[in-house]
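Notes follow once the structure below has been shown.
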Amino acid sequence: MRFSLTVSLLFLIVLGIEAQENPLMTEDSLAQSSWVNERYSAMTLEEKIGQLFMISVASSQDKGSTDKLKDLIKEHGIGGVIFSTGGPQRQAKLTNEYQAISKLPLLVGMDAEWGLSMRLDSTYAFPWNMTLGAIKDSTILEKVGYRIGLHAKRLGVHINFAPDIDVNIDPQNPIIGNRSFGEDRDNVAQKGIMFMKGMHRAGVLSSGKHFPGHGDTATDSHHALPVINVTRQRLDSVELYPFQKLIDEGLSSVMVAHLNVPALEIKENLPSSLSEQIISGLLKEEMGFDGLVFTDALNMKGVTDKREEGDVELAAFLAGNDILLMPGNINKAKEKLLAAYERGRITEKRLSASVKKILMAKYKVGLSDYKPVQVQNLYKDLNSLEDDLVYDEAIENAITVVKNNFQLMGIKKLENKKIAYVKFGDANSYSFVEELNKYAKVTQVNGKDIVTLKRELSNYNLVIIGYHKNNSSPWKPYKFSKNELLWLSEIAKQRTSNTILSVFAKPYALMDVASFKSIDGVVVAYQNSDQAQRKTAQLIFGAIPAKGVLPVTAHPDFPMNTSVQLESLKRLGYSLPESVGMSSTKLTEVDRLVNDGLDSLMYPGAQVLIARKGKVIYNEGFGKPTYKSTEKITPDHIYDLASITKILATLPLVMKMEEKGDITLNNTFQELVPEYSDTELKNVTVLKALSHYGRLPAWIAFYVSTLDKNRKPSKDFYRNEPSEGFSFKVSDNLYLTDAYQDSIYNRIGRQRLKSNRYRYSDVAYFVMKKYIEETYRTPLDKLANDFLYKPIGAFNTSFNPLDKFPRNKVVPSEVDKYFRYEIVHGYVHDMGAAMQGGVGGHAGLFSNANDVAKIMQMYLQDGFYGGTRFLDSRTVKKFNTCYFCDKDVRRGVGFDKPQLKEKGPTCGCVSRKSFGHSGFTGTYTWADPEEEIVYVFLSNRTYPTASNTLLVKSGLRTRIQRAIYDAIID
C-alpha cells in the first residue's frame, strides 16, 4: 500500500515516535511534533475527550441558541464546530467569538461541496459534482477546488467535508445524485483527486465521503439506515475504488456514512459508522488510511434509532472514528467516554492516537498561530471575478450534446431558419432566450394547450425546447410533468420542423422520456444557472465547442460516456474580459470615458462593444436616445451607421464580385458606367477610387438643387405622399421624383477631378452601387441582406429600418432644419442616401454594435464566420492592403487603415494589419488581427445638430481604443 509522505509522518507522530528519530522529518515537521506533544501533555483527560467532539451551529439561529454553544465550548473543551445555515458575516463573527473563548483553537468545518452556498446565503455557488463530472479536462476541477478552498479559508473554515466521492449507481438516489461525479469509478476518482488537490493548495483540509460508498441506494440515511447489498468484490471494484485512490494521493480525512453493508460487517443492521470491522479493519488496516476519520452526523436517523443517548458516540469512537460529528447529547456522550476510559475500554494509546491527529490537523491549518477572521470586504472576497471565470470555464466544458441528428448543432444556414422557443419547467429561462436572440431572431411561443401550441409552431422550421428546473440546490425536483412529456412527444413528431431539447436539470430527467426518435438534438446543461443558460445558447449556435461527456446513464439511448463532440463554427461568443486576457478593472476606464462624453454633451447616448479572441467581453449602452428621452440606451437599440455602410454593405459585395471575376481593381469608371466615357472620371480605377486616391470630390450636396427659393423641398421634385413617378421616400411625408436618380449620376459625371491625389470621397460608392445593382438587377439592400446579413445572423442590420423595426428601437440622428425640416428618426441622416430612397452605397445602413461586430469578426477571420465562408482569405488580404502608402495615403481598398504619421483614425496603438471605418453620425469600428480585437462605438453625436463636433475634436473614440489596448494583460 502506497502512503503519502504527509500521512506517513502523521502516523509516526500519532504512535508517539519522536520526530527527531525520523530522518524524513523537516524543520516544520519537528515544529508540528513539538506543538502537538506540548498541547497534548498539558491537557486533562476531560479536555482530551472534549477534542473528539465537533458540534453543530448555524449562524441563522437566534442569539440564545448560539450562546448556548459558548457554554459547551468552555465546559467541555470542545475540539471543533461545524457550521450550517446562515450568512457569512454572522458566521465570521460567531467564529471569532467561539475561538476567543476556546482554550485550544477550534477546528472549524463546513459542508461546502459546491461552495459555501451549500449552507450560506450571499456566497458563491460553483457547479455541482455531477456537472463537474462531465468535464474531460480534470485540471478544471483543481481550479474549482482551489476557489472553494480559498472561500472556506477566508471565512475561517479549516476543513471542507468534500469531495463527495460516492459512485452514484442508483438514479433514484435521493441524497447523493447531483452531489456525485457520476457512475464511473475512474471518473469519480480522477475528479475527486483534482478537487481535493485544489482545496489542499488553498490550505484547507479535505474529506472523502460517504465511506464506504452511498451511491447505490434509494434510501436517505438522514431518515433511515440504507442497505448496500452487494458483494465485497463489487465494493472493492466500485465503491471503495475512489476512496483508495484519494487516500493514496493524500486525502486529509474520511467521513464514514451510516450504512448497512452486510458484505463488510457481520453484525446485522450495524451502521458502518459504528463498525470496527469497516473503520479499523477495512479503512485503516486494509486501505492504509492514517488521516482523520469523521463520523457522519450522529443525529441522523440512520444511526440513532433504538440507541440510548451517548451510546452512539461511544460505539463510534470504539469503532475507530477520531471525530464525533454533531453528537446528540454532549453530556451523556462525554460521560460514557470517560467511564469507558476509566474501565480500560478506551486505552491511553487509543485516545492519544485520535487526539494527536486532531491536534496535528489544527497545526496544519495554521491554528498554532490563530488569527481572527477579518469581516471587512468579506462579501467581496467570497464573490469575486476569479470565481466567475472558473465557473464559466467549468460550465463551458461540461455542457454535453448527446444527440445531434443532421449535424443540426451548431446551427448553420441562419438565412433558412425560422426559430421558435418553447419553455418547459417551472424555473426561469430569461438568460437562455436572451442569449439565443444574440444569434438569430428566436420567438418564444406559448400555448394554453397542445393543439394551439402545435398550430403556432407550424410556422417555424426549428423548435428549441428549454427544460428549466430550480437551480437552488441539487435536491430540487427534476422530473418532467406528464403534460410536458406528452407535449414534448407531440412537438417532436411535427414534420414541419426540427427539434432541439435543452435540459437545464439533472441528466436523469431524460429517463422518463419514452423515445427520442423524433427529437433531433439533445443538450444536457445539468444546471439552470444564468451561465449554463448562456453557454448552452452559445453552443447551440456554434460559438463554443461541445466538449462534455455524460457522467451517468441518463436513458437507454444515452448510456454513460455518451458524447457528441462539436467544433466551434467561429461565431462570436460572450464571456468575461479575463477569459481572453483583458482586465475588467482597466476596462472601467472605457466607462469613464464614455460617461465623460455624455457629461460633455458630445452625444445623447452611445453603444460600445469590445470583442477579443472571438468573445464579446464588453457590450454596453450609455445615455439616452435624445437628451429629453426617459428610456435608456440598451445594446438592442440601432443607430445610423453613416459611412460604416461602405465597409458593411457595398464593400463586401464588391469583394465577392472581384472573387467571381465580375469586377477587377483595375476596372475604370468608364468600364463600370459607359456614360462616363466622355468625362474626366473615365480613367479612375476601382483601386484608386476605393483607396480614396482617385481625385474625386469629397461629397456632392445633391439636395440643395431640389430646394425652392425658401430653401424648402420644391414641389417640382417632391410630393407629400407616394404617387406615380414619386416613389423614393426621403422621410415621413416626403417623396422624391424617380427621375432624379439619373440626375444624381449625371451630376457625378460632370464633376472635375481634384488636384489633390488623396481626398476622402463618398462619390465612388455611388458608382459602386450603380454597377452592383445593374450587374445583378437587384437592389443593393436586398443583395447585402441575402449575401451577408441573413446568413451571418445580423438581423438587427437593415437599410430603411422602419420597414422592419418599431421606431422606438431606432435612435434619432438629427433635428433637420435645412432639408427635411423634421426630426430624422428611422431615416438615413445622409442627404444623398436619403434621396436614393434610404439605400446608398456610402450610407443608409442601420445596426447595433453586436451586429457590426459579427461582420467585423468575419473580416478578422479572413472571410469565415458561423460555418460559412463568405470571402476567400486572399480577397480579404487584397482589400486590406495599403497600395499607396508610399504616396502618404494610408487607406486600404475600402477599409480605413492606421495613420502613417502622428495623427489619424486610431490611437496609434494598433497593428498595421488593423482596419476599420468611421461614420459622420458619430460611429466607429476597428478590427485588429494581431490582437484579435474588434471595437465598435456607435453614437448619435449629430443629435440635435450636426454642427456639434465635440466628439470629433475630443478624439474620444480613439482614446477609448487606447483604453482597450491598455486593458490587455497577457
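Labels used: A, B, ... for chains in the order of the C-alpha cells, numbers from 1 for residues in each chain, and numbers from 1 for ligands as shown.
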Exercise. Could you name the residues that touch Arg807 of chain A at 8 Å or less, counting only C-alpha atoms, but leaving out those on the same chain fewer than 4 positions away, as a list in words?
Worked result: Leu802, His825 and Gly826 of chain A
Sort by chain and increasing residue number a table of all residues of segment 52-152 of chain A within 12 Å of segment 551-566 of chain A, each with its closest pair of atoms and their distance in Å to one decimal, counting only C-alpha atoms, and write it as JSON lines.
{"residue": "A:Asn129", "atom": "CA", "partner": "A:Pro551", "partner_atom": "CA", "distance": 10.0}
{"residue": "A:Met130", "atom": "CA", "partner": "A:Pro551", "partner_atom": "CA", "distance": 7.0}
{"residue": "A:Thr131", "atom": "CA", "partner": "A:Pro551", "partner_atom": "CA", "distance": 8.3}
{"residue": "A:Leu132", "atom": "CA", "partner": "A:Pro551", "partner_atom": "CA", "distance": 8.9}
{"residue": "A:Gly133", "atom": "CA", "partner": "A:Pro551", "partner_atom": "CA", "distance": 5.6}
{"residue": "A:Ala134", "atom": "CA", "partner": "A:Pro551", "partner_atom": "CA", "distance": 5.3}
{"residue": "A:Ile135", "atom": "CA", "partner": "A:Pro551", "partner_atom": "CA", "distance": 8.7}
{"residue": "A:Lys136", "atom": "CA", "partner": "A:Pro551", "partner_atom": "CA", "distance": 10.0}
Problem set entry | Residues near Met54 of chain A, cut-off 7 Å, only C-alpha atoms, skip fewer than 6 positions along chain, as a list in words | Ile78, Gly79, Gly80, Val81, Ile82, Ile323, Leu324, Leu325 and Met326 of chain A
For this session: For segment 890-898 of chain A, please output as a ChimeraX atom specification all residues within 7 Å (counting only C-alpha atoms; exclusion window: fewer than 5 positions along the same chain).
Result: /A:647,651,687,690-691,879-885,904-906,912,914-917
Write out, as a JSON list (two decimals), in the first residue's frame, the residues just selected, with C-alpha atoms.
[["chain", "number", "residue", "atom", "x", "y", "z"],
["A", 647, "ILE", "CA", -17.44, 48.51, -45.49],
["A", 651, "LEU", "CA", -17.55, 46.66, -49.98],
["A", 687, "LEU", "CA", -8.46, 50.53, -56.83],
["A", 690, "LEU", "CA", -11.88, 52.85, -53.15],
["A", 691, "SER", "CA", -8.45, 53.83, -51.80],
["A", 879, "PHE", "CA", -8.68, 44.64, -49.99],
["A", 880, "ASN", "CA", -6.97, 45.16, -46.62],
["A", 881, "THR", "CA", -3.75, 46.24, -48.29],
["A", 882, "CYS", "CA", -2.50, 49.80, -48.42],
["A", 883, "TYR", "CA", -1.43, 50.20, -52.07],
["A", 884, "PHE", "CA", -0.49, 53.86, -51.87],
["A", 885, "CYS", "CA", 1.29, 54.08, -48.55],
["A", 904, "GLY", "CA", -5.04, 59.70, -37.79],
["A", 905, "PRO", "CA", -8.06, 57.47, -37.26],
["A", 906, "THR", "CA", -6.66, 55.30, -34.48],
["A", 912, "ARG", "CA", -0.56, 47.84, -39.31],
["A", 914, "SER", "CA", -5.74, 46.51, -38.49],
["A", 915, "PHE", "CA", -8.59, 48.13, -40.36],
["A", 916, "GLY", "CA", -11.94, 49.82, -39.85],
["A", 917, "HIS", "CA", -14.00, 52.90, -40.64]]
Seminar exercise, completed: Using only C-alpha atoms, the residue out of A:Ile519, A:Val684, A:Met835, A:Ile644 with shortest distance to Leu734 of chain A is A:Met835
Problem set entry | Near-Thr630 of chain A list (12 Å; only C-alpha atoms; drop same-chain fewer than 6 positions) as a ChimeraX atom specification | /A:604-605,623-624,808
